[in-house]
Amino acid sequence: MSLRSVAVIALVIPLGLDLYITVSADNPLTAAPLSAATIELEQRPSNALVIPLGLDLYMPVPADNPLTAEKIDLGQRLFNDRRLSRDGSISCQSCHEPARAFSDGRAAPVGVFGRTGNRNSPALINRGYGRTFFWDGRSPSLEDQVLKPIQDPREMDLTLDQAAARVGLDAVTISRALASYVRSILSGDSPYDRFVNGDRSALSADEQRGLQVFRGKGDCEVCHAGPTFSDEELHNTGIAWRPSTRSGQGGALADRGAGQGNFKTPTLREVARTAPYMHDGSLQTLEGVVDFYDRGGRPNPNIDPEPHPLRLSVEEKQALVAFLKSLSGTIREGRP
Ligand code: HEC
Ligand code: HEC
């Protein structure tokens with residue numbers, strides 16, 4: 001722990017005491033309660049990672065958890081360690097499989113003792129660029145997020161003390177190592193990336209038409225924006241809405257998400273490998289997803305201004321699906 005002597009503005013030091021108080025460098029005194037905003041992020045290219053074509057060379061990393069090859073290695077071992085689950089039956093990888101871009105192919109995840117959850121396991125690629133975590137954005141950092149599945153009774157079901165004792169590391173070390181490994185999981189260098197970087201032959205004519213629909217008539221880029229194809233914001237597209245069986249008589253939310261049936265925009269990279277889709281795994285195919293948007297999502301009292309009915313032709317829908325499949329590239333993980 002590095003200590004810094006600084007005059008703090010969060011305290012008024014009374015007469016007679018030293019104006020300089022010693023605080024840990026990674027925990028400066030502030031008046032505000034701890035929140036996402038107090039996590040200091042450093043933006044710099046990391047020597048511990050090779051960033052594939054299409055992603056930002058600058059990955060934000062908390063100042064107190066710089067990326068190192070050692071932490072990435074340790075995190076990778078912990079990610080595959082079944083001792084982190086109460087009955088020793090699962091590891092992080094059980095729900096986040098490399099071949100599926102670290103999703104699991106199921107609508108609902110299966111945790112210890114066969115207990116099931118109600119939200120789809122998301123892909124874990126390019127999460128180092130994420131700003132909030134979980135479908136409802138309830139976690140502010142990867143360091144915070146990675147300890148939650150260990151403690152979730154429907155996932156791994158251990159206390160942090162139990163987990164620490166089992167692997168012989170303290171919870172902070174586990175958190176920093178797992179977060180570092182998750183940051184090392186990157187996907188880029190897809191046909192789409194090669195196309196936008198000047199290789200005109202990287203996308204077929206069909207895929208190029210799909211890209212036009214994605215950016216134009218489909219308005220997909222409003223939310224699936226930037227190198228990760230996510231604005232990291234919460235939106236209501238109506239997936240959680242269950243209209244009443246009597247038409248025109250309202251309905252109810254199956255999952256409130258962040259409050260109003262709003263969920264975080266997932267990445268679209270590697271989306272061909274991550275079926276089934278949406279926070280509840282309710283759509284089986286990309287064709288089904290495109291049809292959902294073509295209808296304008298599922299109308300409900302809190303739906304976002306987008307989506308709106310698109311009225312795409314059969315050819316436009318096929319092209320859009322072909323384009324989505326061109327977002328599969330090379331997945332890297334662990335140290336280079
Ligand atoms: C039983 C299945 C299961 C296990 C085991 C599991 N996860 Fe997950 N993971 C999920 C589900 C489901 C979500 C989404 C939950 C939600 O949003 O409420 C998730 C979300 C995440 C996210 C957030 C991604 C994002 O962009 O929002 C990260 C990171 C993650 N898991 C890492 C891990 C790590 C690290 C471990 C091991 C310590 C782990 N998971 C173990 C099922 C699992
Ligand atoms: C208003 C913002 C918004 C717009 C516009 C939008 N999306 Fe989405 N997209 C989301 C959100 C939010 C989710 C997750 C919804 C949920 O599960 O409740 C999602 C989920 C998806 C998924 C599922 C990914 C997965 O891993 O489960 C695909 C595929 C997708 N969108 C493609 C598209 C396409 C193609 C378009 C344009 C036709 C589009 N989206 C327009 C916000 C948007």
# chains A, B, ... in the order shown; residues from 1 in each chain; ligands from 1
>>> select_by_dssp(residues="range 80-254 of chain A", states="alpha helix (DSSP H)", output="JSON, numbers by chain")
{"A": [92, 93, 94, 95, 142, 143, 144, 145, 148, 149, 150, 151, 160, 161, 162, 163, 164, 165, 166, 167, 171, 172, 173, 174, 175, 176, 177, 178, 179, 180, 181, 182, 183, 184, 191, 192, 193, 194, 195, 196, 205, 206, 207, 208, 209, 210, 211, 212, 213, 214, 215]}
>>> residues_around(residues="Arg86 in chain A", least_positions_apart="2", cutoff="6 Å", atoms="only C-alpha atoms", output="list of chain:residue names")
A:Gly88, A:Met156, A:Asp157, A:Leu158
>>> write_last_selection(atoms="C-alpha atoms", output="CSV table (one decimal), in the first residue's frame")
chain,number,residue,atom,x,y,z
A,88,GLY,CA,-17.1,-27.9,-6.5
A,156,MET,CA,-21.3,-20.3,-6.8
A,157,ASP,CA,-22.7,-19.7,-3.3
A,158,LEU,CA,-19.6,-19.0,-1.1
>>> closest_residue(among="A:Arg154, A:Lys148, A:Arg119, A:Arg242", to="ligand 2", atoms="only C-alpha atoms and all ligand atoms")
A:Arg119
>>> residues_near_ligand(ligand="ligand 1", cutoff="6 Å", atoms="only C-alpha atoms and all ligand atoms", output="list in words")
Phe79, Ser91, Cys92, Ser94, Cys95, Pro109, Val110, Gly111, Arg119, Asn120, Ser121, Pro122, Leu124, Arg127, Phe133, Phe134, Trp135, Asp136, Val146, Pro149, Ile150, Glu155, Met156 and Leu178 of chain A
>>> closest_residue(among="A:Arg176, A:Arg106, A:Arg194, A:Arg298", to="Leu53 in chain A", atoms="only C-alpha atoms")
A:Arg194
>>> residues_near_ligand(ligand="ligand 2", cutoff="6 Å", atoms="only C-alpha atoms and all ligand atoms", output="list in words")
Phe214, Gly218, Asp219, Cys220, Val222, Cys223, Leu234, His235, Thr237, Ile239, Phe263, Lys264, Thr265, Pro266, Leu268, Val271, Thr274, Tyr277, Met278, His279, Leu286, Val289, Val290, Tyr293, Asp304, Glu306 and Pro307 of chain A
